[in-house]
Each structure stands twice: as C-alpha cells, then as structure tokens.
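**Q** Pasting coords.cif below, which is mmCIF, C-alpha atoms.
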```
data_start
#
loop_
_atom_site.label_atom_id
_atom_site.label_comp_id
_atom_site.auth_asym_id
_atom_site.auth_seq_id
_atom_site.Cartn_x
_atom_site.Cartn_y
_atom_site.Cartn_z
CA MET A 1072 35.95 30.74 1.45
CA LEU A 1073 33.48 33.54 2.06
CA GLU A 1074 32.09 31.51 4.92
CA PHE A 1075 35.61 31.23 6.36
CA ILE A 1076 36.31 34.95 6.10
CA SER A 1077 32.99 35.87 7.66
CA ARG A 1078 33.69 33.46 10.51
CA ILE A 1079 37.02 35.14 11.16
CA LEU A 1080 35.39 38.52 11.08
CA GLY A 1081 33.06 37.24 13.76
CA ARG A 1082 29.84 37.71 11.91
CA GLY A 1083 27.35 34.93 12.51
CA ALA A 1084 24.47 36.98 13.84
CA LYS A 1085 22.61 35.87 10.74
CA PRO A 1086 19.82 33.46 11.66
CA ARG A 1087 20.79 30.01 10.45
CA SER A 1088 18.55 28.08 8.12
CA LYS A 1089 18.16 25.31 10.67
CA ASN A 1090 16.17 27.57 12.97
CA LEU A 1091 13.99 28.63 10.11
CA ALA A 1092 13.41 25.00 9.18
CA LYS A 1093 12.46 24.15 12.74
CA GLU A 1094 10.05 27.04 13.14
CA ARG A 1095 8.36 26.36 9.84
CA LEU A 1096 8.07 22.68 10.62
CA LYS A 1097 6.59 23.27 14.04
CA LEU A 1098 3.96 25.55 12.61
CA VAL A 1099 3.01 23.31 9.72
CA LEU A 1100 2.94 20.21 11.94
CA ALA A 1101 0.72 21.94 14.46
CA HIS A 1102 -1.80 22.38 11.68
CA ASP A 1103 -1.23 18.94 10.16
CA ARG A 1104 -1.77 17.28 13.50
CA ILE A 1105 -5.17 18.77 14.13
CA ASP A 1106 -6.11 18.44 10.48
CA VAL A 1107 -7.67 21.88 10.22
CA SER A 1108 -8.34 23.31 6.78
CA PRO A 1109 -7.66 27.01 6.17
CA GLY A 1110 -11.42 27.54 5.80
CA MET A 1111 -12.18 25.96 9.15
CA PHE A 1112 -9.37 27.96 10.71
CA GLU A 1113 -10.88 31.19 9.42
CA GLY A 1114 -14.25 30.13 10.81
CA LEU A 1115 -12.66 29.59 14.21
CA ARG A 1116 -11.09 33.02 14.05
CA VAL A 1117 -14.38 34.72 13.15
CA ASP A 1118 -16.30 32.88 15.87
CA LEU A 1119 -13.68 33.70 18.49
CA ALA A 1120 -13.76 37.35 17.49
CA ARG A 1121 -17.53 37.36 17.97
CA VAL A 1122 -17.24 35.81 21.43
CA PHE A 1123 -14.49 38.24 22.47
CA GLY A 1124 -16.63 41.05 21.09
CA LYS A 1125 -19.39 40.24 23.57
CA TYR A 1126 -17.14 41.34 26.41
CA VAL A 1127 -14.55 43.68 24.98
CA ASP A 1128 -14.07 45.79 21.90
CA ILE A 1129 -11.22 44.24 19.98
CA ASP A 1130 -9.37 45.24 16.88
CA GLU A 1131 -10.54 42.35 14.74
CA ALA A 1132 -8.03 43.04 11.98
CA GLY A 1133 -5.19 42.71 14.45
CA MET A 1134 -6.46 39.47 15.94
CA LYS A 1135 -4.25 36.41 15.63
CA VAL A 1136 -5.20 32.78 16.12
CA ARG A 1137 -2.67 30.02 15.97
CA PHE A 1138 -1.81 26.59 17.25
CA ASP A 1139 1.40 26.19 19.19
CA SER A 1140 3.11 22.91 19.77
CA THR A 1141 5.34 22.39 22.73
CA ASP A 1142 6.60 18.87 23.38
CA SER A 1143 3.91 16.85 21.75
CA ARG A 1144 1.09 19.00 23.06
CA LEU A 1145 -0.92 21.49 21.17
CA ALA A 1146 -2.20 24.83 22.44
CA LEU A 1147 -4.72 27.11 20.84
CA VAL A 1148 -3.48 30.67 21.23
CA ALA A 1149 -5.67 33.60 20.33
CA SER A 1150 -4.51 37.14 20.84
CA ALA A 1151 -6.34 40.31 20.02
CA PRO A 1152 -5.59 43.98 20.62
CA VAL A 1153 -8.20 45.29 23.06
CA ILE A 1154 -9.60 48.70 22.24
CA ARG A 1155 -11.79 49.02 25.33
CA MET A 1156 -13.71 46.92 27.80
CA ARG A 1157 -17.40 46.58 27.07
CA ARG A 1158 -18.80 46.93 30.59
CA GLY A 1159 -17.45 48.79 33.55
CA ARG A 1160 -14.21 50.73 33.40
CA GLU A 1161 -12.13 51.13 30.32
CA THR A 1162 -8.69 49.61 30.11
CA PRO A 1163 -5.95 52.09 31.00
CA ARG A 1164 -4.12 51.80 27.72
CA ARG A 1165 -5.30 51.21 24.22
CA GLY A 1166 -3.96 48.40 22.12
CA ARG A 1167 -3.04 46.16 24.99
CA ARG A 1168 -3.03 42.52 24.07
CA THR A 1169 -4.85 39.83 25.94
CA ASP A 1170 -4.09 36.20 25.62
CA ALA A 1171 -6.84 33.65 25.77
CA MET B 714 7.53 -19.63 17.25
CA GLY B 715 7.37 -15.91 17.31
CA GLY B 716 9.67 -13.85 15.19
CA LYS B 717 9.28 -10.10 15.21
CA VAL B 718 7.59 -8.40 12.26
CA ILE B 719 8.94 -4.89 11.73
CA VAL B 720 7.82 -2.49 9.02
CA VAL B 721 10.23 0.16 7.77
CA THR B 722 8.37 3.19 6.49
CA SER B 723 8.78 6.92 5.89
CA GLY B 724 5.93 8.50 3.98
CA LYS B 725 8.26 10.39 1.72
CA GLY B 726 10.17 8.54 -0.96
CA GLY B 727 13.90 8.67 -1.43
CA VAL B 728 14.92 8.99 2.21
CA GLY B 729 16.67 5.63 2.29
CA LYS B 730 14.04 3.11 3.38
CA THR B 731 15.24 0.32 1.12
CA THR B 732 18.87 0.98 2.00
CA ALA B 733 17.93 0.89 5.67
CA VAL B 734 16.04 -2.41 5.32
CA ALA B 735 18.95 -4.00 3.42
CA ASN B 736 21.54 -2.81 5.92
CA ILE B 737 19.61 -3.50 9.10
CA GLY B 738 18.61 -6.91 7.73
CA CYS B 739 22.23 -7.76 6.90
CA GLY B 740 23.29 -6.40 10.27
CA LEU B 741 20.87 -8.69 12.10
CA ALA B 742 21.78 -11.69 9.95
CA ALA B 743 25.48 -11.03 10.57
CA ARG B 744 24.66 -11.41 14.26
CA GLY B 745 23.40 -14.88 13.48
CA LYS B 746 19.67 -14.13 13.40
CA LYS B 747 17.35 -15.64 10.84
CA VAL B 748 16.01 -12.70 8.87
CA ALA B 749 13.42 -12.45 6.11
CA LEU B 750 13.24 -9.20 4.16
CA VAL B 751 9.95 -8.57 2.40
CA ASP B 752 9.77 -6.05 -0.42
CA ALA B 753 6.23 -4.66 -0.23
CA ASP B 754 6.78 -2.10 -2.95
CA ILE B 755 4.84 -3.96 -5.60
CA GLY B 756 5.44 -2.64 -9.10
CA LEU B 757 8.60 -0.79 -8.06
CA ARG B 758 10.79 -3.45 -6.54
CA ASN B 759 14.28 -2.40 -5.48
CA LEU B 760 15.32 -4.32 -2.40
CA ASP B 761 16.58 -7.11 -4.69
CA ILE B 762 19.00 -4.84 -6.55
CA VAL B 763 20.24 -3.13 -3.39
CA LEU B 764 21.03 -6.56 -1.96
CA GLY B 765 22.60 -7.74 -5.22
CA LEU B 766 20.07 -10.55 -5.60
CA GLU B 767 18.24 -9.29 -8.68
CA ASN B 768 19.40 -12.14 -10.92
CA ARG B 769 18.09 -14.88 -8.68
CA ILE B 770 14.41 -14.04 -8.69
CA VAL B 771 12.13 -16.78 -9.96
CA TYR B 772 8.98 -16.23 -7.92
CA ASP B 773 7.75 -13.15 -6.07
CA ILE B 774 5.31 -12.13 -3.35
CA VAL B 775 2.32 -12.04 -5.70
CA HIS B 776 3.06 -15.58 -6.90
CA VAL B 777 3.00 -16.69 -3.27
CA ILE B 778 -0.25 -14.90 -2.50
CA GLU B 779 -1.91 -16.21 -5.64
CA GLY B 780 -0.82 -19.72 -4.71
CA LYS B 781 1.37 -20.12 -7.80
CA CYS B 782 4.28 -21.25 -5.67
CA ARG B 783 5.05 -22.08 -2.07
CA LEU B 784 6.48 -19.42 0.22
CA ARG B 785 9.71 -21.38 0.56
CA GLN B 786 10.22 -21.41 -3.21
CA ALA B 787 9.98 -17.64 -3.48
CA LEU B 788 12.48 -16.92 -0.70
CA ILE B 789 15.95 -16.13 -2.03
CA ARG B 790 18.87 -16.93 0.19
CA ASP B 791 21.53 -14.22 0.37
CA LYS B 792 24.89 -14.87 -1.28
CA ARG B 793 26.93 -13.83 1.74
CA LEU B 794 24.80 -14.44 4.80
CA GLN B 795 23.32 -17.89 5.25
CA THR B 796 20.51 -16.70 7.50
CA LEU B 797 19.27 -13.84 5.33
CA PHE B 798 16.39 -14.29 2.91
CA LEU B 799 14.54 -12.00 0.53
CA LEU B 800 10.94 -12.21 -0.58
CA PRO B 801 10.93 -9.98 -3.64
CA ALA B 802 8.07 -7.77 -4.77
CA ALA B 803 6.36 -8.35 -8.09
CA GLN B 804 7.55 -5.96 -10.73
CA SER B 805 4.81 -6.26 -13.32
CA LYS B 806 1.75 -6.22 -11.07
CA ASP B 807 0.24 -3.21 -9.34
CA LYS B 808 -0.36 -2.62 -5.67
CA GLU B 809 -3.96 -3.83 -5.80
CA ALA B 810 -2.64 -7.35 -6.41
CA VAL B 811 -2.26 -7.78 -2.64
CA ARG B 812 -4.73 -7.20 0.20
CA PRO B 813 -3.85 -6.37 3.81
CA ASP B 814 -5.31 -9.63 5.15
CA GLN B 815 -3.16 -11.63 2.70
CA MET B 816 -0.12 -9.68 3.73
CA LYS B 817 -0.86 -10.37 7.37
CA GLU B 818 -1.18 -14.08 6.72
CA LEU B 819 2.12 -14.05 4.85
CA THR B 820 4.09 -12.23 7.52
CA THR B 821 2.58 -14.41 10.21
CA SER B 822 3.81 -17.56 8.51
CA LEU B 823 7.24 -15.97 7.97
CA ALA B 824 7.39 -15.04 11.65
CA GLY B 825 6.97 -18.73 12.41
CA GLU B 826 10.30 -19.49 10.79
CA PHE B 827 12.39 -16.35 11.21
CA ASP B 828 13.65 -14.29 14.12
CA TYR B 829 12.97 -11.07 12.25
CA VAL B 830 10.67 -10.26 9.36
CA MET B 831 11.40 -6.81 7.99
CA ILE B 832 9.02 -5.19 5.55
CA ASP B 833 10.19 -2.56 3.10
CA CYS B 834 7.17 -0.28 2.80
CA PRO B 835 6.50 1.72 -0.37
CA ALA B 836 6.46 5.51 -0.20
CA GLY B 837 3.08 7.12 0.32
CA ILE B 838 0.17 6.41 2.63
CA GLU B 839 -2.17 4.57 0.33
CA HIS B 840 -2.82 0.95 -0.50
CA GLY B 841 0.82 -0.14 -0.47
CA PHE B 842 1.40 1.43 2.94
CA LYS B 843 -1.69 -0.26 4.38
CA ASN B 844 -0.50 -3.61 3.03
CA ALA B 845 2.98 -3.16 4.41
CA ILE B 846 1.86 -2.34 7.93
CA ALA B 847 -0.94 -4.92 8.09
CA GLY B 848 1.10 -7.69 9.64
CA ALA B 849 3.64 -5.57 11.51
CA GLU B 850 3.93 -5.42 15.27
CA ALA B 851 6.61 -2.73 15.34
CA ALA B 852 7.62 0.11 13.07
CA ILE B 853 10.79 1.92 12.16
CA ILE B 854 10.40 5.34 10.58
CA VAL B 855 13.22 6.57 8.37
CA THR B 856 13.64 10.28 7.81
CA THR B 857 16.29 12.75 6.74
CA PRO B 858 16.91 16.13 8.41
CA GLU B 859 14.81 17.97 5.82
CA VAL B 860 11.49 19.71 6.36
CA SER B 861 9.63 17.61 3.79
CA ALA B 862 10.84 14.28 5.14
CA VAL B 863 10.22 15.25 8.77
CA ARG B 864 6.73 16.48 7.98
CA ASP B 865 5.87 13.21 6.24
CA ALA B 866 7.39 11.24 9.10
CA ASP B 867 5.07 13.05 11.49
CA ARG B 868 2.09 12.09 9.38
CA ILE B 869 3.24 8.48 9.44
CA VAL B 870 3.54 8.55 13.24
CA GLY B 871 -0.12 9.55 13.39
CA LEU B 872 -1.26 6.95 10.86
CA LEU B 873 0.68 4.17 12.59
CA GLU B 874 -0.83 5.13 15.90
CA ALA B 875 -4.31 4.98 14.38
CA GLU B 876 -3.50 1.43 13.25
CA GLY B 877 -2.37 0.40 16.71
CA LEU B 878 1.34 0.65 15.92
CA GLY B 879 2.26 3.06 18.67
CA GLU B 880 5.84 3.76 19.71
CA PRO B 881 7.57 3.62 16.36
CA ARG B 882 11.33 4.18 16.47
CA LEU B 883 13.17 6.69 14.35
CA VAL B 884 16.21 6.44 12.10
CA VAL B 885 17.60 9.77 10.99
CA ASN B 886 19.44 9.15 7.76
CA ARG B 887 21.92 11.21 5.74
CA VAL B 888 22.99 13.51 8.55
CA ARG B 889 25.77 15.90 7.54
CA PRO B 890 27.65 16.80 10.74
CA GLU B 891 29.38 19.80 9.20
CA MET B 892 26.06 21.36 8.15
CA VAL B 893 24.52 20.61 11.54
CA ARG B 894 27.51 22.21 13.25
CA ARG B 895 27.12 25.46 11.39
CA GLY B 896 23.38 25.48 11.94
CA ASP B 897 22.32 24.81 8.40
CA MET B 898 20.77 21.41 8.97
CA LEU B 899 18.28 20.14 11.53
CA GLY B 900 20.18 18.20 14.16
CA ILE B 901 19.09 14.97 15.81
CA ASP B 902 17.81 16.86 18.85
CA ASP B 903 15.70 19.09 16.63
CA VAL B 904 14.14 16.16 14.80
CA ILE B 905 13.43 14.28 18.03
CA ASP B 906 12.02 17.42 19.59
CA ILE B 907 9.64 17.87 16.68
CA LEU B 908 8.53 14.27 16.21
CA ALA B 909 8.60 13.26 19.88
CA ILE B 910 9.38 9.58 19.23
CA ASP B 911 12.24 7.33 20.32
CA LEU B 912 15.50 7.42 18.42
CA LEU B 913 16.75 4.12 17.05
CA GLY B 914 19.70 5.35 15.08
CA VAL B 915 21.58 8.12 13.35
CA VAL B 916 23.20 7.46 9.99
CA PRO B 917 25.71 9.92 8.60
CA ASP B 918 25.57 10.91 4.96
CA ASP B 919 28.18 8.65 3.46
CA GLU B 920 29.30 8.18 -0.12
CA SER B 921 30.02 4.54 0.58
CA VAL B 922 26.26 3.93 0.70
CA ILE B 923 26.13 4.86 -2.98
CA THR B 924 29.18 2.83 -3.96
CA SER B 925 28.00 -0.18 -1.96
CA THR B 926 24.57 0.06 -3.58
CA ASN B 927 26.26 0.22 -6.98
CA LYS B 928 27.87 -3.12 -6.16
CA GLY B 929 24.84 -4.67 -4.53
CA GLU B 930 26.68 -5.05 -1.24
CA PRO B 931 25.09 -3.27 1.71
CA ALA B 932 27.51 -0.93 3.52
CA VAL B 933 27.02 -2.78 6.78
CA LEU B 934 29.07 -5.66 5.34
CA ASP B 935 32.17 -3.63 4.48
CA GLY B 936 33.35 -3.20 8.06
CA VAL B 937 34.87 0.23 7.52
CA SER B 938 32.24 2.73 6.39
CA ARG B 939 30.62 5.17 8.82
CA ALA B 940 27.14 4.40 7.53
CA GLY B 941 27.81 0.68 7.89
CA GLU B 942 28.86 1.19 11.51
CA ALA B 943 25.68 3.19 12.14
CA PHE B 944 23.53 0.37 10.76
CA ARG B 945 25.43 -2.23 12.83
CA ARG B 946 24.59 -0.22 15.93
CA ILE B 947 20.95 -0.04 14.87
CA ALA B 948 20.87 -3.83 14.51
CA ALA B 949 22.38 -4.15 17.99
CA ARG B 950 19.72 -1.82 19.43
CA ILE B 951 16.92 -3.82 17.79
CA GLU B 952 18.39 -6.80 19.64
CA GLY B 953 18.00 -4.87 22.86
CA GLU B 954 21.61 -3.84 23.39
CA GLU B 955 22.43 -0.41 24.70
CA VAL B 956 24.84 1.09 22.23
CA PRO B 957 25.94 4.73 22.22
CA PHE B 958 24.84 6.78 19.24
CA MET B 959 27.53 7.59 16.73
CA SER B 960 29.22 10.87 17.26
CA MET B 961 28.09 13.47 14.77
CA GLU B 962 31.02 15.68 15.65
CA VAL B 963 32.89 17.08 12.71
CA PRO B 964 35.93 14.82 12.31
CA SER B 965 39.36 16.31 12.80
CA LEU B 966 41.78 16.53 9.92
CA TRP B 967 43.87 13.79 11.51
CA LEU B 968 40.86 11.48 11.86
CA ARG B 969 39.86 12.19 8.31
CA PHE B 970 43.36 11.28 7.21
CA LYS B 971 43.22 8.06 9.18
CA ARG B 972 39.87 7.27 7.58
CA PHE B 973 41.34 8.04 4.21
CA ILE B 974 44.12 5.53 4.61
CA GLY B 975 41.65 3.09 6.10
CA VAL B 976 42.85 2.73 9.70
CA ALA B 977 39.87 4.43 11.29
CA ARG B 978 36.20 4.96 10.63
#
```
Once more with this new file: its structure as structure tokens, please.
**A**
Amino acid sequence: MLEFISRILGRGAKPRSKNLAKERLKLVLAHDRIDVSPGMFEGLRVDLARVFGKYVDIDEAGMKVRFDSTDSRLALVASAPVIRMRRGRETPRRGRRTDA
Amino acid sequence: MGGKVIVVTSGKGGVGKTTAVANIGCGLAARGKKVALVDADIGLRNLDIVLGLENRIVYDIVHVIEGKCRLRQALIRDKRLQTLFLLPAAQSKDKEAVRPDQMKELTTSLAGEFDYVMIDCPAGIEHGFKNAIAGAEAAIIVTTPEVSAVRDADRIVGLLEAEGLGEPRLVVNRVRPEMVRRGDMLGIDDVIDILAIDLLGVVPDDESVITSTNKGEPAVLDGVSRAGEAFRRIAARIEGEEVPFMSMEVPSLWLRFKRFIGVAR
C-alpha cells in the first residue's frame, strides 16, 4: 500500500536494491576472479604507492586501488591524489587525481 | 553410439538443481528421447523423491560401481515416461565411495545407450562436484537472481573452464517478474551481464513447482504451469531448437484471471 501511494506521489528516486546487488556483485566477483587475498591487495597498494612516489608526491592515504570488471574483462585501476610533481614544474592545482 | 552427457550444477545449494534436472529430463523424454538421470549427490539423494520414484529403489550408483549389480538393474524406469530412467544415489554411503574415473566410466557406458545422460551435481565444489563433472561434456549452471547464488555460479564457471568444460549454459531460476519490474531483483540481463555466459532458460518463480514436487510429478508434465512451460522450452533448446524466452512481463489482471480459471498460462 505504501509502495502504491509513493508511486502515485511520483517518488522513486530511491536507488533500488537491484542496482546495489549488481554493484556489490561486480566488485566481489572482480576480486573472486583474480583470487587476490586482502593481504596481497594491500601489498599491491603499498608497492604501487612507492612506484608512484618515485615520480610524484602523492597523498598515500587518499590512494585507491581496485579491480573493475567490464564485460568479462578485468582492469586494475589505481588513483591517487597528486600533491606535486617530483621533477620539473609543479602541477597547477593540488589534489588533482591521476589515473594509472 | 554417442549420447550427450550433461552435468547440472550451481555451487550454491537450494537454487533448484534437482528440480531442474527432473524437469529438463522429463521434458526431453516427453519429446521421445532416451534419457538417463544420474543422482550424483551421494549421501543426500533427492532426485528420486522429486521424480516420485523413491519407492522403487533396489540398487544405487554405489552398488553399480562396486560391482554388486549390473548397471541395467539399478536403472529405474519412470512411471509416466517410457524413455526416462533414473540411476539413484546411495543414501547411506558418503561421497568418497565414488571416484571421478569410475564416474566417467559409468557415464560413458550410459551414453552408449541413451540420447541424454543428465547428472544432478551436489552443491559445493569438493569431491562430489569433481565426481559429477568427470564424465560430462557439457554443463548447465542453475542460479537464482540473488547475490549469493550468482557469486557461486561465477565460481563454478571458472572451475568448469579449468576442467575443460567451457561454454556452460545458464538457467536462471525463480525469477519474480514483479520484483524485477520495480527494480528489487536482478533481471536476466543483469545476471547475463555479470556472468557473461549463454542463457539456456529463464524459469519464473512458481508455486506449482512446490505442489508438483509434493506429488512427485515434475511441473513440466502438468501442461499448464508457467515453470513447466519454461522447462519445456529449455528441453527444446537443448535439442537445438530456437525458442523465444518466456516473457517476464508482469501479467495483466485479465491474464492472471485466465490463468486462475485455467485457460491460459
């Protein structure tokens, strides 16, 4: 009944549970498929941060590493807020994100 | 002679594997094919009771493998369909009673006599799963539109691939069109998008599956239920026919009324 009333009132901006299910599944499957343990994942994050750090100063706390699955392919996506470039000129703005 | 050996598996339990095996098997037999259904869930046999054949068991799969009887003696002919046979699982033994190589030998000899050999795989990915897939040349994965079932199905896709059983086909069971419509259940497109395998069939959630199981008469035989129709179409697709998928549109009040009085499905 409530559902019916809210439909009449034209609500429905609420994200439906299906979308949540799909997002959560995609994320968990991306990890299942590559069989990476949380420990190994953390190791990857730390190592990537060190490599990035050789070239740019990054905000390590704000760095994110994840696997994305589109179609049946998997992509490793690492993004980190850049504080400044290591050599040469500084980046114009602070906190800009670079994708690797 | 070369019948086709198909394993029906899911990873997760309770998604409707046994019901699917019983219904697809009956569907194929109703088309005149010779079908052997093998219950590989040793220690937890259920295919017999779903088919209504539980009172006819004398010998089981372990008796055959141990050489205590001949294969032909253990096969139970269905009450309704002359070309449908069941090889029941053992109820008192455990899964270690059978090895994959024995299972392979068994299904190979069945394939010599039947058009289709369908194996009801136990839940899980351990010993029983490895036995069930040992002799299979094709796989059907059953799932429901729930995160747990889809996740396990994905794991099974990977394990089957590792065993050389690529290109499994998917049956999405217990779909509730009304929930899909309002965005509260994963739809078929979502599940296919996530698992990236071919769709074999879509089975609506249907109370008649429960009532037909109560009676030991698979829904596919009743001729009126929605689930039965879905399984008939799956059987036709296994035979290579191109059949449209069942509409998962929410039925109109009028259609629901017609279904209620039994003039539509």
**Q** Identify, on the basis of all atoms listed in the file, every residue whose closest approach to Leu764 in chain B does not exceed 8 Å; exclude the query and any residue fewer than 2 positions from it along the same chain; express the result as a ChimeraX atom specification.
**A** /B:735,760-762,766-767,926,929-931
**Q** What residues come out when you apply the PyMOL selection byres ((chain B) within 9 of (chain A)) to this file, written as a PyMOL selection string?
**A** chain B and resi 859-861+863-864+867-868+871+893+895-900+903-904+906-909
**Q** List every protein, DNA or RNA residue that has an atom no more than 12 Å from (27.9, 9.1, 3.3) in the file's coordinate frame, counting all atoms listed in the file, and report them as a JSON list (two decimals) with C-alpha atoms, in the coordinates of the input.
**A**
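What landed in selection37.json:
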```
[["chain", "number", "residue", "atom", "x", "y", "z"],
["B", 729, "GLY", "CA", 16.67, 5.63, 2.29],
["B", 886, "ASN", "CA", 19.44, 9.15, 7.76],
["B", 887, "ARG", "CA", 21.92, 11.21, 5.74],
["B", 888, "VAL", "CA", 22.99, 13.51, 8.55],
["B", 889, "ARG", "CA", 25.77, 15.90, 7.54],
["B", 890, "PRO", "CA", 27.65, 16.80, 10.74],
["B", 915, "VAL", "CA", 21.58, 8.12, 13.35],
["B", 916, "VAL", "CA", 23.20, 7.46, 9.99],
["B", 917, "PRO", "CA", 25.71, 9.92, 8.60],
["B", 918, "ASP", "CA", 25.57, 10.91, 4.96],
["B", 919, "ASP", "CA", 28.18, 8.65, 3.46],
["B", 920, "GLU", "CA", 29.30, 8.18, -0.12],
["B", 921, "SER", "CA", 30.02, 4.54, 0.58],
["B", 922, "VAL", "CA", 26.26, 3.93, 0.70],
["B", 923, "ILE", "CA", 26.13, 4.86, -2.98],
["B", 924, "THR", "CA", 29.18, 2.83, -3.96],
["B", 925, "SER", "CA", 28.00, -0.18, -1.96],
["B", 926, "THR", "CA", 24.57, 0.06, -3.58],
["B", 932, "ALA", "CA", 27.51, -0.93, 3.52],
["B", 938, "SER", "CA", 32.24, 2.73, 6.39],
["B", 939, "ARG", "CA", 30.62, 5.17, 8.82],
["B", 940, "ALA", "CA", 27.14, 4.40, 7.53],
["B", 941, "GLY", "CA", 27.81, 0.68, 7.89],
["B", 942, "GLU", "CA", 28.86, 1.19, 11.51],
["B", 943, "ALA", "CA", 25.68, 3.19, 12.14],
["B", 978, "ARG", "CA", 36.20, 4.96, 10.63]]
```
**Q** To one decimal place in Å, what is the distance between CA of Gln795 in chain B and CA of Gly953 in chain B?
**A**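 Separation of CA of Gln795 in chain B and CA of Gly953 in chain B: 22.5 Å.
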**Q** Please identify all polymer residues within 9 Å of Ala862 in chain B, counting all atoms listed in the file, omitting same-chain residues fewer than 3 positions from it, and present them as a PyMOL selection string.
**A** chain B and resi 723-726+728+855-859+865-867
**Q** Just want the 8 Å neighbourhood of Ala851 in chain B, counted on only C-alpha atoms, with same-chain residues fewer than 2 positions away dropped. Output as a VMD selection string.
**A** chain B and resid 717 to 720 849 853 878 to 881
**Q** Please indicate the distance in Å from CA of Ile774 in chain B to CA of Thr796 in chain B, rounded to one decimal place.
**A**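 Separation of CA of Ile774 in chain B and CA of Thr796 in chain B: 19.2 Å.
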**Q** Applying 7 Å and all atoms listed in the file, which residues near range 1116-1121 of chain A remain after dropping the ones on its own chain fewer than 4 positions away? List them as a ChimeraX atom specification.
**A** /A:1112,1125,1131,1136
**Q** Keeping only C-alpha atoms, take the residues you just selected and write them out as a PDB file, keeping the file's coordinate frame.
**A**
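Here's the written file out_18.pdb:
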```pdb
ATOM      1  CA  PHE A1112      -9.370  27.960  10.710  1.00  0.00           C
ATOM      2  CA  LYS A1125     -19.390  40.240  23.570  1.00  0.00           C
ATOM      3  CA  GLU A1131     -10.540  42.350  14.740  1.00  0.00           C
ATOM      4  CA  VAL A1136      -5.200  32.780  16.120  1.00  0.00           C
TER       5      VAL A1136
END
```
**Q** Between B:Leu968, B:Ile901, B:Ile869, B:Ile832, single out the one closest to Ile737 in chain B, counting all atoms listed in the file.
**A**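 When distances to Ile737 in chain B are compared using all atoms listed in the file, the smallest one comes from B:Ile832.
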**Q** Run through the PyMOL selection byres ((chain B and resi 972-976) around 12) on the given coordinates and return the selected residues as a VMD selection string.
**A** chain B and resid 935 to 939 964 to 971 977 to 978
**Q** B:Val771, B:Ala836, B:Leu883, B:Val870: which is nearest Gly727 in chain B, counting all atoms listed in the file?
**A**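 Closest residue, counting all atoms listed in the file: B:Ala836.
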**Q** For Pro813 in chain B, find every residue with an atom within 7 Å (counting all atoms listed in the file), except residues of its own chain fewer than 2 positions away, and show them as a count of residues only.
**A** 7
**Q** Report, in Å to a single decimal, how far apart CA of Met1111 in chain A and CA of Val1127 in chain A are.
**A**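 Separation of CA of Val1127 in chain A and CA of Met1111 in chain A: 23.9 Å.
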**Q** Given all atoms listed in the file as the basis, pick out the residue of B:Met959, B:Val721, B:Leu799, B:Val933 nearest to Cys834 in chain B.
**A**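 Closest to Cys834 in chain B of all the choices is B:Val721.
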**Q** Dig up all the protein and nucleic acid residues within 10 Å of (-6.8, 33.0, 23.3) in the file frame, using all atoms listed in the file, and format them as a ChimeraX atom specification.
**A** /A:1119,1123,1134-1137,1146-1151,1169-1171
**Q** Restricted to C-alpha atoms, what would the selected residues look like written as an mmCIF file, in the frame of the given file?
**A**
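Full text of out03.cif as output:
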```
data_model
loop_
_atom_site.group_PDB
_atom_site.id
_atom_site.type_symbol
_atom_site.label_atom_id
_atom_site.label_comp_id
_atom_site.auth_asym_id
_atom_site.auth_seq_id
_atom_site.Cartn_x
_atom_site.Cartn_y
_atom_site.Cartn_z
ATOM 1 C CA LEU A 1119 -13.680 33.700 18.490
ATOM 2 C CA PHE A 1123 -14.490 38.240 22.470
ATOM 3 C CA MET A 1134 -6.460 39.470 15.940
ATOM 4 C CA LYS A 1135 -4.250 36.410 15.630
ATOM 5 C CA VAL A 1136 -5.200 32.780 16.120
ATOM 6 C CA ARG A 1137 -2.670 30.020 15.970
ATOM 7 C CA ALA A 1146 -2.200 24.830 22.440
ATOM 8 C CA LEU A 1147 -4.720 27.110 20.840
ATOM 9 C CA VAL A 1148 -3.480 30.670 21.230
ATOM 10 C CA ALA A 1149 -5.670 33.600 20.330
ATOM 11 C CA SER A 1150 -4.510 37.140 20.840
ATOM 12 C CA ALA A 1151 -6.340 40.310 20.020
ATOM 13 C CA THR A 1169 -4.850 39.830 25.940
ATOM 14 C CA ASP A 1170 -4.090 36.200 25.620
ATOM 15 C CA ALA A 1171 -6.840 33.650 25.770
#
```
**Q** Taking all atoms listed in the file into account, which of A:Gly1110, A:Ile1105, A:Ile1154, A:Leu1115 comes nearest Asp1128 in chain A?
**A**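 Answer, going by the shortest atom-to-atom distance: A:Ile1154.
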**Q** Calculated over only C-alpha atoms, which of the candidates A:Ala1101, A:Gly1114, A:Met1156, A:Tyr1126 has the smallest distance to Phe1138 in chain A?
**A**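 Of all the options, A:Ala1101 lies closest to Phe1138 in chain A.
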